[in-house]
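Read the structure below first, then the notes.
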Amino acid sequence: SREQNTKEDPNINANWSLEFVASKRYDLITGTPPYFRVDFSSDKSDNDTSEDKSSEHKDKKHEVITSAVIQQGGMPTSMQSAPARCEFRGGVEAYCEAASALLSQPNGLFVVCENWLNDDRVWKGAHEAGLEIECVWPVMGRAGKKDPLFAVYVMKKMFNCRSGELSDDKTTRAGRIRPPLVVRMENGKWTDEYAKVMKAMSIP
């Protein structure tokens with residue numbers, strides 16, 4: 001039985017869990033993509049160690065990554081934390097695509113936080129995944145700073161999805177951006193608003 005097999009082979013259990021998750025639709029999906037972009041260089045390789053010798057397989061060349069350059073931030077020293085900080089496995093666009101496929105309609109929400117430097121990528125990635133950004137809440141690390149550190153984006157499935165270019169209407173975007181949440185005042189103390197957020201999360 002499947003139950004017996006999953007006990008014997010953890011990989012079967014993991015695959016079954018992913019299949020189960022993908023078969024459902026969800027009212028709320030959250031995500032924190034890696035914040036730092038990685039640019040990859042690749043090369044097509046004819047070196048094929050596969051046992052598949054079909055003509056269709058022979059026509060396909062394998063893509064080999066030759067370099068990865070982190071454009072924002074430094075190279076992590078831990079292999080475990082690296083994919084959480086840098087986009088070795090995809091960025092906000094991949095998160096938008098995955099969430100869009102699993103959101104319930106019409107009221108399912110996708111809530112994601114992203115580096116403010118990638119704001120344009122969030123809007124574009126959401127549009128390409130058939131998502132509409134309903135609200136953006138920027139977060140400032142300290143009062144007096146020019147730009148936010150990151151923002152929280154709330155998205156829903158786009159109805160009557162229109163094909164074509166992403167609208168770059170700054171007025172439309174501005175109307176969906178809330179006043180920023182400021183974490184600390186210039187003297188380093190928490191702002192009253194941030195203190196209320198921490199209290200709501202039961203963090204002293």
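Chain lettering (A, B, ...) mirrors the order of the structure tokens, residue numbering begins at 1 for each chain separately, and ligand numbering begins at 1 in order of display.
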### Task
Write out as a PyMOL selection string each polymer residue whose atoms come within 6 Å of region 88-104 of chain A, counting only C-alpha atoms; drop sequence neighbours fewer than 5 positions from it.
chain A and resi 25-27+33+83+125-126+129
#### Entry: Close residues, region 130-132 of chain A itself excluded, 7 Å, only C-alpha atoms, min 2 positions apart in chain, as a list of chain:residue names
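Once the nearby chain positions are removed, what remains is A:Ser100, A:Ala126, A:His127, A:Glu128, A:Glu134, A:Met155, A:Lys156, A:Lys157, A:Met158, A:Cys161.
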What would the file look like if the residues just selected were written as a CSV table (one decimal), in the first residue's frame with all heavy atoms?
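The resulting out25.csv:
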```
chain,number,residue,atom,x,y,z
A,100,SER,N,0.2,31.6,-7.9
A,100,SER,CA,-0.9,31.8,-8.8
A,100,SER,C,-1.6,30.5,-9.2
A,100,SER,O,-2.9,30.4,-9.3
A,100,SER,CB,-0.5,32.5,-10.1
A,100,SER,OG,-1.5,32.7,-11.0
A,126,ALA,N,4.2,39.6,-10.9
A,126,ALA,CA,2.8,39.4,-10.6
A,126,ALA,C,2.0,39.4,-11.8
A,126,ALA,O,1.1,38.5,-12.1
A,126,ALA,CB,2.4,40.4,-9.6
A,127,HIS,N,2.2,40.4,-12.7
A,127,HIS,CA,1.4,40.5,-13.9
A,127,HIS,C,1.6,39.3,-14.8
A,127,HIS,O,0.6,38.7,-15.3
A,127,HIS,CB,1.9,41.8,-14.7
A,127,HIS,CG,1.2,42.0,-16.0
A,127,HIS,ND1,-0.1,42.6,-16.1
A,127,HIS,CD2,1.5,41.7,-17.3
A,127,HIS,CE1,-0.4,42.6,-17.4
A,127,HIS,NE2,0.5,42.1,-18.1
A,128,GLU,N,2.8,38.8,-15.0
A,128,GLU,CA,3.1,37.7,-15.8
A,128,GLU,C,2.5,36.4,-15.3
A,128,GLU,O,2.2,35.4,-16.0
A,128,GLU,CB,4.6,37.5,-16.1
A,128,GLU,CG,5.2,38.6,-16.9
A,128,GLU,CD,6.7,38.5,-17.1
A,128,GLU,OE1,7.3,37.7,-16.4
A,128,GLU,OE2,7.2,39.2,-18.0
A,134,GLU,N,-2.8,44.2,-4.9
A,134,GLU,CA,-3.9,45.0,-4.3
A,134,GLU,C,-3.3,46.1,-3.3
A,134,GLU,O,-3.9,47.1,-3.1
A,134,GLU,CB,-4.9,44.1,-3.5
A,134,GLU,CG,-5.5,43.0,-4.4
A,134,GLU,CD,-7.0,43.1,-4.4
A,134,GLU,OE1,-7.5,43.3,-3.3
A,134,GLU,OE2,-7.6,43.1,-5.5
A,155,MET,N,-1.5,40.2,-3.0
A,155,MET,CA,-2.0,39.9,-4.4
A,155,MET,C,-3.2,39.0,-4.4
A,155,MET,O,-3.4,38.2,-3.5
A,155,MET,CB,-0.8,39.3,-5.2
A,155,MET,CG,0.5,40.0,-5.1
A,155,MET,SD,1.7,39.1,-6.1
A,155,MET,CE,3.2,39.9,-5.5
A,156,LYS,N,-3.9,39.1,-5.5
A,156,LYS,CA,-5.0,38.2,-5.8
A,156,LYS,C,-5.0,37.8,-7.2
A,156,LYS,O,-4.3,38.4,-8.0
A,156,LYS,CB,-6.4,38.9,-5.5
A,156,LYS,CG,-6.6,39.2,-4.0
A,156,LYS,CD,-7.9,40.0,-3.8
A,156,LYS,CE,-9.1,39.0,-4.1
A,156,LYS,NZ,-10.4,39.7,-3.7
A,157,LYS,N,-5.7,36.8,-7.6
A,157,LYS,CA,-5.8,36.3,-8.9
A,157,LYS,C,-6.4,37.4,-9.8
A,157,LYS,O,-7.4,38.1,-9.3
A,157,LYS,CB,-6.6,35.1,-9.1
A,157,LYS,CG,-6.0,33.8,-8.5
A,157,LYS,CD,-4.9,33.3,-9.4
A,157,LYS,CE,-5.4,32.6,-10.6
A,157,LYS,NZ,-4.3,32.0,-11.4
A,158,MET,N,-5.9,37.7,-11.0
A,158,MET,CA,-6.4,38.7,-11.8
A,158,MET,C,-7.6,38.2,-12.6
A,158,MET,O,-7.5,37.1,-13.3
A,158,MET,CB,-5.3,39.1,-12.8
A,158,MET,CG,-5.6,40.3,-13.6
A,158,MET,SD,-4.3,40.7,-14.8
A,158,MET,CE,-2.8,40.9,-13.7
A,161,CYS,N,-8.2,38.6,-17.2
A,161,CYS,CA,-6.7,38.8,-17.4
A,161,CYS,C,-6.5,39.3,-18.9
A,161,CYS,O,-6.9,38.6,-19.8
A,161,CYS,CB,-5.9,37.6,-17.1
A,161,CYS,SG,-4.1,37.8,-17.3
```
### Message
Can you measure CA of Met79 (chain A) to CA of Asp120 (chain A) for me? One decimal in Å is fine.
### Response
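Answer for the CA of Met79 (chain A) to CA of Asp120 (chain A) separation: 28.6 Å.
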### Query
Between CA of Val182 (chain A) and CA of Tyr194 (chain A), what is the spacing in Å?
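Between CA of Tyr194 (chain A) and CA of Val182 (chain A) the gap works out to 6.8 Å.
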### Query
Of the candidates A:Arg37, A:Lys196, A:Pro180, A:Gln80, which one gets nearest to Lys146 (chain A) if we count only C-alpha atoms?
A:Pro180
